[in-house]
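Participant: Contents of target28.json (JSON, C-alpha atoms (C1' of nucleotides)):
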[["chain", "number", "residue", "atom", "x", "y", "z"],
["A", 5, "MET", "CA", 122.07, 100.03, 91.86],
["A", 6, "LYS", "CA", 124.67, 97.36, 92.52],
["A", 7, "TYR", "CA", 126.12, 95.17, 89.83],
["A", 8, "SER", "CA", 124.56, 91.78, 89.20],
["A", 9, "LYS", "CA", 125.62, 89.14, 86.72],
["A", 10, "GLN", "CA", 121.98, 88.26, 86.12],
["A", 11, "ARG", "CA", 121.03, 91.78, 85.09],
["A", 12, "GLU", "CA", 124.09, 92.09, 82.85],
["A", 13, "LYS", "CA", 123.25, 88.85, 81.06],
["A", 14, "ILE", "CA", 119.62, 89.88, 80.57],
["A", 15, "GLN", "CA", 120.60, 93.19, 79.02],
["A", 16, "GLU", "CA", 123.27, 91.50, 76.90],
["A", 17, "TYR", "CA", 120.79, 88.93, 75.66],
["A", 18, "LEU", "CA", 118.18, 91.53, 74.74],
["A", 19, "LYS", "CA", 120.78, 93.48, 72.77],
["A", 20, "SER", "CA", 121.77, 90.33, 70.85],
["A", 21, "VAL", "CA", 118.34, 89.24, 69.63],
["A", 22, "LYS", "CA", 115.63, 90.73, 67.45],
["A", 23, "THR", "CA", 112.89, 88.39, 68.66],
["A", 24, "HIS", "CA", 111.18, 90.55, 71.34],
["A", 25, "PRO", "CA", 111.19, 87.72, 73.89],
["A", 26, "THR", "CA", 108.90, 87.40, 76.91],
["A", 27, "ALA", "CA", 110.26, 87.19, 80.46],
["A", 28, "ASN", "CA", 109.74, 83.46, 80.35],
["A", 29, "GLN", "CA", 111.63, 83.07, 77.08],
["A", 30, "ILE", "CA", 114.53, 85.09, 78.48],
["A", 31, "TYR", "CA", 114.50, 82.90, 81.58],
["A", 32, "SER", "CA", 114.50, 79.69, 79.51],
["A", 33, "GLU", "CA", 117.45, 80.93, 77.49],
["A", 34, "LEU", "CA", 119.60, 82.28, 80.32],
["A", 35, "ILE", "CA", 119.10, 79.35, 82.68],
["A", 36, "LYS", "CA", 121.44, 77.48, 80.31],
["A", 37, "GLU", "CA", 124.21, 79.81, 81.45],
["A", 38, "ILE", "CA", 123.03, 80.49, 85.00],
["A", 39, "PRO", "CA", 121.61, 77.19, 86.25],
["A", 40, "ASN", "CA", 120.00, 78.51, 89.42],
["A", 41, "LEU", "CA", 118.47, 81.60, 87.83],
["A", 42, "SER", "CA", 115.06, 82.51, 89.19],
["A", 43, "LEU", "CA", 112.13, 83.75, 87.10],
["A", 44, "GLY", "CA", 111.43, 86.44, 89.69],
["A", 45, "THR", "CA", 114.95, 87.76, 89.19],
["A", 46, "VAL", "CA", 114.31, 88.05, 85.47],
["A", 47, "TYR", "CA", 111.11, 90.01, 86.09],
["A", 48, "ARG", "CA", 112.73, 92.27, 88.68],
["A", 49, "ASN", "CA", 115.67, 93.09, 86.46],
["A", 50, "LEU", "CA", 113.54, 93.63, 83.39],
["A", 51, "ASP", "CA", 111.61, 96.14, 85.42],
["A", 52, "ASN", "CA", 114.81, 97.81, 86.63],
["A", 53, "LEU", "CA", 116.20, 98.03, 83.12],
["A", 54, "TYR", "CA", 112.91, 99.33, 81.76],
["A", 55, "THR", "CA", 112.61, 101.98, 84.47],
["A", 56, "GLN", "CA", 116.17, 103.12, 83.76],
["A", 57, "GLY", "CA", 115.32, 103.39, 80.07],
["A", 58, "LEU", "CA", 117.86, 100.72, 79.15],
["A", 59, "ILE", "CA", 115.35, 98.42, 77.45],
["A", 60, "LYS", "CA", 111.88, 98.80, 75.97],
["A", 61, "LYS", "CA", 108.68, 97.09, 76.96],
["A", 62, "VAL", "CA", 106.50, 95.97, 74.06],
["A", 63, "ARG", "CA", 102.84, 95.43, 74.82],
["A", 64, "THR", "CA", 101.21, 93.52, 71.99],
["A", 65, "TYR", "CA", 97.62, 92.37, 72.06],
["A", 66, "ASP", "CA", 98.42, 89.05, 73.68],
["A", 67, "ASP", "CA", 98.56, 88.83, 77.45],
["A", 68, "THR", "CA", 102.33, 88.74, 77.84],
["A", 69, "ASP", "CA", 104.81, 91.58, 77.88],
["A", 70, "ARG", "CA", 107.72, 91.44, 75.48],
["A", 71, "PHE", "CA", 111.07, 93.16, 75.79],
["A", 72, "ASP", "CA", 113.36, 94.85, 73.31],
["A", 73, "GLY", "CA", 117.00, 95.86, 73.59],
["A", 74, "ASP", "CA", 116.78, 98.13, 70.55],
["A", 75, "LEU", "CA", 116.36, 101.66, 71.91],
["A", 76, "SER", "CA", 115.95, 103.37, 68.55],
["A", 77, "MET", "CA", 112.60, 105.02, 67.82],
["A", 78, "HIS", "CA", 110.52, 102.32, 66.18],
["A", 79, "TYR", "CA", 107.18, 100.60, 66.31],
["A", 80, "HIS", "CA", 105.99, 97.00, 66.01],
["A", 81, "VAL", "CA", 103.80, 95.19, 63.55],
["A", 82, "VAL", "CA", 102.24, 91.99, 64.88],
["A", 83, "CYS", "CA", 100.31, 89.56, 62.72],
["A", 84, "ALA", "CA", 97.16, 88.49, 64.54],
["A", 85, "CYS", "CA", 97.16, 85.27, 62.55],
["A", 86, "CYS", "CA", 100.75, 83.91, 62.50],
["A", 87, "GLY", "CA", 102.13, 85.95, 65.38],
["A", 88, "LYS", "CA", 105.14, 87.32, 63.52],
["A", 89, "ILE", "CA", 106.54, 90.55, 64.98],
["A", 90, "GLU", "CA", 108.36, 93.03, 62.78],
["A", 91, "ASP", "CA", 110.08, 96.32, 63.52],
["A", 92, "GLY", "CA", 108.83, 99.43, 61.75],
["A", 93, "PHE", "CA", 110.63, 102.72, 61.26],
["A", 94, "ASP", "CA", 109.06, 105.99, 60.18],
["A", 95, "GLU", "CA", 110.27, 109.55, 60.67],
["A", 96, "TYR", "CA", 106.66, 110.56, 61.24],
["A", 97, "PHE", "CA", 106.75, 108.61, 64.47],
["A", 98, "ASP", "CA", 109.61, 110.78, 65.78],
["A", 99, "ASN", "CA", 107.68, 113.85, 64.67],
["A", 100, "ILE", "CA", 104.58, 112.88, 66.62],
["A", 101, "SER", "CA", 106.55, 112.45, 69.83],
["A", 102, "LYS", "CA", 108.48, 115.69, 69.39],
["A", 103, "LYS", "CA", 105.31, 117.67, 68.74],
["A", 104, "LEU", "CA", 103.66, 116.04, 71.73],
["A", 105, "GLU", "CA", 106.44, 117.01, 74.15],
["A", 106, "GLN", "CA", 106.31, 120.60, 72.91],
["A", 107, "ASN", "CA", 102.53, 120.99, 72.83],
["A", 108, "LEU", "CA", 101.78, 119.38, 76.18],
["A", 109, "ASP", "CA", 105.04, 120.45, 77.86],
["A", 110, "CYS", "CA", 105.52, 116.90, 79.08],
["A", 111, "LYS", "CA", 108.41, 114.44, 79.22],
["A", 112, "ILE", "CA", 107.98, 111.15, 77.34],
["A", 113, "LEU", "CA", 109.27, 108.29, 79.45],
["A", 114, "SER", "CA", 108.43, 105.53, 76.99],
["A", 115, "ASP", "CA", 106.30, 104.82, 73.98],
["A", 116, "ASN", "CA", 104.51, 101.81, 72.57],
["A", 117, "LEU", "CA", 103.09, 101.75, 69.06],
["A", 118, "ILE", "CA", 101.60, 98.45, 67.96],
["A", 119, "PHE", "CA", 99.85, 97.65, 64.73],
["A", 120, "ASN", "CA", 97.82, 94.49, 64.95],
["A", 121, "VAL", "CA", 97.61, 93.29, 61.34],
["A", 122, "LEU", "CA", 96.85, 90.49, 58.96],
["A", 123, "CYS", "CA", 100.17, 90.12, 57.20],
["A", 124, "SER", "CA", 100.56, 89.68, 53.45],
["A", 125, "LYS", "CA", 101.01, 85.90, 53.68],
["A", 126, "CYS", "CA", 98.11, 85.27, 56.02],
["A", 127, "LYS", "CA", 95.86, 87.53, 53.94],
["A", 128, "ASP", "CA", 96.62, 85.43, 50.86],
["A", 129, "ASN", "CA", 96.09, 82.18, 52.72],
["A", 130, "LEU", "CA", 92.63, 83.30, 53.79],
["A", 131, "ARG", "CA", 91.74, 84.15, 50.20],
["A", 132, "ARG", "CA", 92.47, 80.58, 49.07],
["A", 133, "LYS", "CA", 90.05, 79.01, 51.51],
["B", 20, "MET", "CA", 75.73, 87.23, 66.62],
["B", 21, "LYS", "CA", 72.42, 87.44, 68.44],
["B", 22, "TYR", "CA", 71.20, 90.56, 70.17],
["B", 23, "SER", "CA", 71.88, 91.00, 73.85],
["B", 24, "LYS", "CA", 70.88, 93.86, 76.10],
["B", 25, "GLN", "CA", 74.16, 93.54, 77.97],
["B", 26, "ARG", "CA", 76.25, 94.04, 74.85],
["B", 27, "GLU", "CA", 74.14, 96.98, 73.73],
["B", 28, "LYS", "CA", 74.52, 98.71, 77.09],
["B", 29, "ILE", "CA", 78.27, 98.15, 77.12],
["B", 30, "GLN", "CA", 78.68, 99.68, 73.69],
["B", 31, "GLU", "CA", 76.34, 102.54, 74.57],
["B", 32, "TYR", "CA", 78.26, 103.24, 77.75],
["B", 33, "LEU", "CA", 81.62, 103.27, 75.97],
["B", 34, "LYS", "CA", 80.29, 105.74, 73.41],
["B", 35, "SER", "CA", 79.06, 108.04, 76.16],
["B", 36, "VAL", "CA", 82.27, 108.40, 78.19],
["B", 37, "LYS", "CA", 85.77, 109.67, 77.54],
["B", 38, "THR", "CA", 87.34, 107.94, 80.53],
["B", 39, "HIS", "CA", 88.77, 104.77, 78.93],
["B", 40, "PRO", "CA", 87.29, 102.50, 81.61],
["B", 41, "THR", "CA", 88.50, 99.01, 82.53],
["B", 42, "ALA", "CA", 86.23, 95.95, 82.33],
["B", 43, "ASN", "CA", 85.72, 96.18, 86.06],
["B", 44, "GLN", "CA", 84.77, 99.85, 85.93],
["B", 45, "ILE", "CA", 82.26, 99.15, 83.17],
["B", 46, "TYR", "CA", 80.85, 96.30, 85.26],
["B", 47, "SER", "CA", 80.54, 98.51, 88.36],
["B", 48, "GLU", "CA", 78.69, 101.15, 86.36],
["B", 49, "LEU", "CA", 76.30, 98.89, 84.45],
["B", 50, "ILE", "CA", 75.34, 96.69, 87.37],
["B", 51, "LYS", "CA", 73.33, 99.72, 88.54],
["B", 52, "GLU", "CA", 71.08, 99.20, 85.51],
["B", 53, "ILE", "CA", 71.40, 95.42, 85.15],
["B", 54, "PRO", "CA", 71.48, 94.09, 88.72],
["B", 55, "ASN", "CA", 72.45, 90.51, 87.86],
["B", 56, "LEU", "CA", 75.13, 91.44, 85.34],
["B", 57, "SER", "CA", 78.15, 89.17, 85.40],
["B", 58, "LEU", "CA", 81.77, 90.30, 85.05],
["B", 59, "GLY", "CA", 82.42, 87.44, 82.65],
["B", 60, "THR", "CA", 79.68, 88.76, 80.40],
["B", 61, "VAL", "CA", 81.37, 92.15, 80.32],
["B", 62, "TYR", "CA", 84.68, 90.57, 79.34],
["B", 63, "ARG", "CA", 83.07, 88.35, 76.68],
["B", 64, "ASN", "CA", 81.19, 91.21, 75.09],
["B", 65, "LEU", "CA", 84.13, 93.58, 75.20],
["B", 66, "ASP", "CA", 86.06, 90.93, 73.31],
["B", 67, "ASN", "CA", 83.22, 90.50, 70.81],
["B", 68, "LEU", "CA", 82.93, 94.23, 70.23],
["B", 69, "TYR", "CA", 86.69, 94.58, 69.90],
["B", 70, "THR", "CA", 86.96, 91.71, 67.42],
["B", 71, "GLN", "CA", 84.17, 93.27, 65.35],
["B", 72, "GLY", "CA", 86.02, 96.57, 65.35],
["B", 73, "LEU", "CA", 83.20, 98.31, 67.23],
["B", 74, "ILE", "CA", 85.36, 99.44, 70.13],
["B", 75, "LYS", "CA", 89.08, 99.94, 70.75],
["B", 76, "LYS", "CA", 91.29, 98.26, 73.26],
["B", 77, "VAL", "CA", 93.79, 100.54, 74.97],
["B", 78, "ARG", "CA", 96.83, 98.90, 76.50],
["B", 79, "THR", "CA", 98.61, 101.31, 78.82],
["B", 80, "TYR", "CA", 101.60, 100.36, 80.91],
["B", 81, "ASP", "CA", 99.53, 99.24, 83.87],
["B", 82, "ASP", "CA", 98.31, 95.68, 84.03],
["B", 83, "THR", "CA", 94.69, 96.29, 83.07],
["B", 84, "ASP", "CA", 93.15, 96.71, 79.65],
["B", 85, "ARG", "CA", 91.07, 99.80, 78.99],
["B", 86, "PHE", "CA", 88.36, 100.27, 76.40],
["B", 87, "ASP", "CA", 87.37, 103.15, 74.16],
["B", 88, "GLY", "CA", 84.19, 103.75, 72.16],
["B", 89, "ASP", "CA", 85.84, 106.49, 70.08],
["B", 90, "LEU", "CA", 86.81, 104.85, 66.80],
["B", 91, "SER", "CA", 88.54, 107.86, 65.29],
["B", 92, "MET", "CA", 92.28, 107.55, 64.64],
["B", 93, "HIS", "CA", 93.93, 108.77, 67.82],
["B", 94, "TYR", "CA", 96.53, 107.86, 70.40],
["B", 95, "HIS", "CA", 96.74, 108.07, 74.20],
["B", 96, "VAL", "CA", 98.97, 109.98, 76.56],
["B", 97, "VAL", "CA", 99.20, 108.50, 80.04],
["B", 98, "CYS", "CA", 100.91, 110.23, 82.93],
["B", 99, "ALA", "CA", 103.04, 107.71, 84.82],
["B", 100, "CYS", "CA", 102.72, 109.85, 87.93],
["B", 101, "CYS", "CA", 99.06, 110.94, 88.26],
["B", 102, "GLY", "CA", 97.53, 108.39, 85.88],
["B", 103, "LYS", "CA", 95.63, 110.89, 83.75],
["B", 104, "ILE", "CA", 94.81, 109.64, 80.25],
["B", 105, "GLU", "CA", 94.38, 112.09, 77.37],
["B", 106, "ASP", "CA", 93.47, 111.61, 73.75],
["B", 107, "GLY", "CA", 95.93, 112.78, 71.11],
["B", 108, "PHE", "CA", 95.29, 113.50, 67.45],
["B", 109, "ASP", "CA", 97.91, 113.90, 64.76],
["B", 110, "GLU", "CA", 97.61, 113.51, 61.01],
["B", 111, "TYR", "CA", 101.07, 111.94, 61.01],
["B", 112, "PHE", "CA", 99.57, 108.97, 62.83],
["B", 113, "ASP", "CA", 97.14, 108.36, 59.95],
["B", 114, "ASN", "CA", 100.04, 108.68, 57.53],
["B", 115, "ILE", "CA", 102.11, 106.05, 59.31],
["B", 116, "SER", "CA", 99.30, 103.52, 59.15],
["B", 117, "LYS", "CA", 98.48, 104.22, 55.51],
["B", 118, "LYS", "CA", 102.13, 103.87, 54.48],
["B", 119, "LEU", "CA", 102.39, 100.67, 56.48],
["B", 120, "GLU", "CA", 99.42, 99.01, 54.76],
["B", 121, "GLN", "CA", 100.84, 99.94, 51.36],
["B", 122, "ASN", "CA", 104.45, 98.99, 52.02],
["B", 123, "LEU", "CA", 103.80, 95.66, 53.74],
["B", 124, "ASP", "CA", 100.62, 94.85, 51.81],
["B", 125, "CYS", "CA", 98.89, 94.04, 55.07],
["B", 126, "LYS", "CA", 95.53, 94.84, 56.65],
["B", 127, "ILE", "CA", 95.58, 96.77, 59.94],
["B", 128, "LEU", "CA", 93.04, 95.26, 62.33],
["B", 129, "SER", "CA", 93.75, 97.61, 65.22],
["B", 130, "ASP", "CA", 96.37, 99.98, 66.52],
["B", 131, "ASN", "CA", 97.60, 101.06, 69.92],
["B", 132, "LEU", "CA", 99.87, 104.06, 70.41],
["B", 133, "ILE", "CA", 100.66, 104.94, 74.00],
["B", 134, "PHE", "CA", 102.97, 107.63, 75.27],
["B", 135, "ASN", "CA", 103.92, 107.10, 78.87],
["B", 136, "VAL", "CA", 104.79, 110.58, 80.10],
["B", 137, "LEU", "CA", 105.41, 112.86, 83.03],
["B", 138, "CYS", "CA", 102.71, 115.46, 82.47],
["B", 139, "SER", "CA", 103.25, 119.19, 82.83],
["B", 140, "LYS", "CA", 101.77, 119.36, 86.33],
["B", 141, "CYS", "CA", 103.63, 116.36, 87.72],
["B", 142, "LYS", "CA", 106.88, 117.62, 86.20],
["B", 143, "ASP", "CA", 106.45, 120.94, 88.03],
["B", 144, "ASN", "CA", 105.56, 119.22, 91.29],
["B", 145, "LEU", "CA", 108.76, 117.19, 91.15],
["B", 146, "ARG", "CA", 110.79, 120.36, 90.62],
["B", 147, "ARG", "CA", 109.46, 121.85, 93.86],
["B", 148, "LYS", "CA", 110.61, 118.96, 96.00],
["C", 23, "DT", "C1'", 142.54, 91.50, 103.01],
["C", 24, "DT", "C1'", 138.63, 91.51, 106.24],
["C", 25, "DC", "C1'", 134.36, 93.19, 107.66],
["C", 26, "DT", "C1'", 129.74, 94.98, 107.35],
["C", 27, "DA", "C1'", 125.61, 97.11, 105.69],
["C", 28, "DA", "C1'", 122.92, 97.47, 101.63],
["C", 29, "DA", "C1'", 121.21, 95.38, 97.75],
["C", 30, "DA", "C1'", 120.39, 91.24, 95.01],
["C", 31, "DT", "C1'", 119.14, 86.42, 94.51],
["C", 32, "DA", "C1'", 116.55, 81.89, 94.66],
["C", 33, "DG", "C1'", 112.68, 79.74, 95.73],
["C", 34, "DT", "C1'", 108.11, 79.86, 96.97],
["C", 35, "DA", "C1'", 103.58, 81.83, 97.94],
["C", 36, "DA", "C1'", 100.15, 85.24, 96.81],
["C", 37, "DT", "C1'", 97.69, 88.37, 93.72],
["C", 38, "DG", "C1'", 94.62, 89.73, 90.34],
["C", 39, "DA", "C1'", 93.13, 90.23, 85.56],
["C", 40, "DT", "C1'", 91.22, 87.32, 82.39],
["C", 41, "DT", "C1'", 89.29, 82.98, 80.61],
["C", 42, "DA", "C1'", 86.85, 78.56, 80.92],
["C", 43, "DC", "C1'", 82.99, 75.89, 82.30],
["C", 44, "DT", "C1'", 78.07, 74.65, 83.03],
["C", 45, "DA", "C1'", 73.35, 74.88, 84.04],
["C", 46, "DT", "C1'", 69.85, 78.12, 82.87],
["C", 47, "DT", "C1'", 67.75, 81.83, 80.15],
["C", 48, "DT", "C1'", 67.09, 84.54, 75.96],
["C", 49, "DT", "C1'", 66.90, 85.16, 71.13],
["C", 50, "DT", "C1'", 65.30, 84.23, 66.57],
["C", 51, "DA", "C1'", 63.46, 82.11, 62.73],
["C", 52, "DA", "C1'", 60.53, 78.49, 61.06],
["D", 9, "DT", "C1'", 54.35, 78.23, 69.53],
["D", 10, "DT", "C1'", 58.46, 75.83, 69.47],
["D", 11, "DA", "C1'", 63.14, 74.33, 69.34],
["D", 12, "DA", "C1'", 67.91, 74.98, 68.23],
["D", 13, "DA", "C1'", 71.57, 78.26, 68.72],
["D", 14, "DA", "C1'", 73.65, 81.63, 71.27],
["D", 15, "DA", "C1'", 74.02, 84.35, 75.47],
["D", 16, "DT", "C1'", 73.99, 84.83, 80.47],
["D", 17, "DA", "C1'", 75.13, 84.33, 85.57],
["D", 18, "DG", "C1'", 77.84, 82.43, 88.71],
["D", 19, "DT", "C1'", 81.73, 80.03, 89.85],
["D", 20, "DA", "C1'", 86.19, 77.78, 89.25],
["D", 21, "DA", "C1'", 90.54, 77.69, 86.93],
["D", 22, "DT", "C1'", 94.55, 79.79, 84.59],
["D", 23, "DC", "C1'", 98.63, 82.15, 84.25],
["D", 24, "DA", "C1'", 101.53, 86.33, 84.04],
["D", 25, "DT", "C1'", 103.36, 89.04, 87.40],
["D", 26, "DT", "C1'", 104.46, 90.57, 92.12],
["D", 27, "DA", "C1'", 105.48, 89.93, 97.02],
["D", 28, "DC", "C1'", 107.95, 87.75, 100.65],
["D", 29, "DT", "C1'", 111.96, 85.81, 103.18],
["D", 30, "DA", "C1'", 116.06, 83.50, 104.24],
["D", 31, "DT", "C1'", 120.50, 83.42, 102.08],
["D", 32, "DT", "C1'", 124.16, 85.23, 99.08],
["D", 33, "DT", "C1'", 126.64, 88.86, 96.72],
["D", 34, "DT", "C1'", 128.42, 93.42, 96.19],
["D", 35, "DA", "C1'", 131.16, 97.41, 97.37],
["D", 36, "DG", "C1'", 133.27, 100.52, 100.24],
["D", 37, "DA", "C1'", 135.69, 101.34, 104.63],
["D", 38, "DA", "C1'", 138.79, 99.74, 108.20]]
Would you encode the structure as structure tokens?
Facilitator:
Amino acid sequence: MKYSKQREKIQEYLKSVKTHPTANQIYSELIKEIPNLSLGTVYRNLDNLYTQGLIKKVRTYDDTDRFDGDLSMHYHVVCACCGKIEDGFDEYFDNISKKLEQNLDCKILSDNLIFNVLCSKCKDNLRRK
Amino acid sequence: MKYSKQREKIQEYLKSVKTHPTANQIYSELIKEIPNLSLGTVYRNLDNLYTQGLIKKVRTYDDTDRFDGDLSMHYHVVCACCGKIEDGFDEYFDNISKKLEQNLDCKILSDNLIFNVLCSKCKDNLRRK
DNA sequence: TTCTAAAATAGTAATGATTACTATTTTTAA
DNA sequence: TTAAAAATAGTAATCATTACTATTTTAGAA
């Protein structure tokens, strides 16, 4: 794989934010620095980076993929009401994946754990209505 | 929500199979019984059933949603090479979700845990090449 | 440094899953 | 039996993502 400024900037950007942006959001941000950036280039490089294991793909319950530069073992909590996305860490999650690789004799390429929730705030708001 | 034969058949079908079919696959199967069934009706009812918590939505890494009539707490293992989907059960998974609801004081509406793997067979096949 | 083939890009067109729309049919409760 | 509410079939529209192509960039050899 040859070097490209576009790919470097995409990876850099994903490492710098905790917002789990979509391809479109990444494009909108980076076009400020790279004025002739193409959306297709963003998609292609996100796919390259994902395939290489250099970024994570987060599939929430909405119709758009999100991307994450944080490679540590973690899951995501998405509020179905306000849309907020939070990271979640739990040693049990590591345990599940380790057991799985042993029991099935398989190699995990990537994982995606999403909890679609009603967050504390939104739950309280509903109660007041 | 009023009764509809279409919705009943969709739910029935999902309870009877372990294949995690797509909307299109469900449509192709049920049109044998309901000759004028519409794909839009399948999508609408899948969404109804999912929102009511009567079926699960499985989001693998391909671009198509899959559906599951098995409501027990389980995850899915998808081989990136041969496409095989297997169910996985682990008490740790229950633990993660229980802890999450307590710690964040939130209500889990649905969950989706996918492991994208190279299964045992495909791993061996690669080795031989 | 110059040259060249391979790989990447920008810009645009195509794809395909899903959703929206509307006239018609079905359900359900009075 | 009837009428309003909800569901359906069939079709059109949407929109995230992928494919395509002419041009540009990269990287290694001369």
Participant: Nearest to chain C among A:Asn99, A:Ser8, A:Asn116, A:Asn28, with distances taken over all atoms listed in the file: which residue is it?
Facilitator: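 That would be A:Ser8, the residue with the smallest distance to chain C.
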Participant: Set the distance at 10 Å and use only C-alpha atoms (C1' of nucleotides): which residues neighbour C:DT50 once local chain neighbours fewer than 4 positions away are removed? I'd like the list as a list in words.
Facilitator: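 My list of contacting residues is Lys21 and Tyr22 of chain B; DA12, DA13 and DA14 of chain D.
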Participant: From the set B:Ala42, B:Val61, B:Leu68, B:Val136, which residue has the shortest atom-to-atom contact distance to B:Met20, counting all atoms listed in the file?
Facilitator: B:Leu68
Participant: Just how far from atom C1' of D:DT25 is atom CA of B:Asp81, in Å to one decimal?
Facilitator: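 For atom CA of B:Asp81 relative to atom C1' of D:DT25, the distance reads 11.5 Å.
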Participant: State, in Å with one decimal place, the distance from atom C1' of D:DT16 to atom CA of B:Leu128.
Facilitator: 28.3 Å
Participant: Could you list, as a ChimeraX atom specification, every residue of chain A that has an atom within 10 Å of an atom of chain B, counting all atoms listed in the file?
Facilitator: /A:61-65,67,69,79,81-84,92-101,103-105,108-128
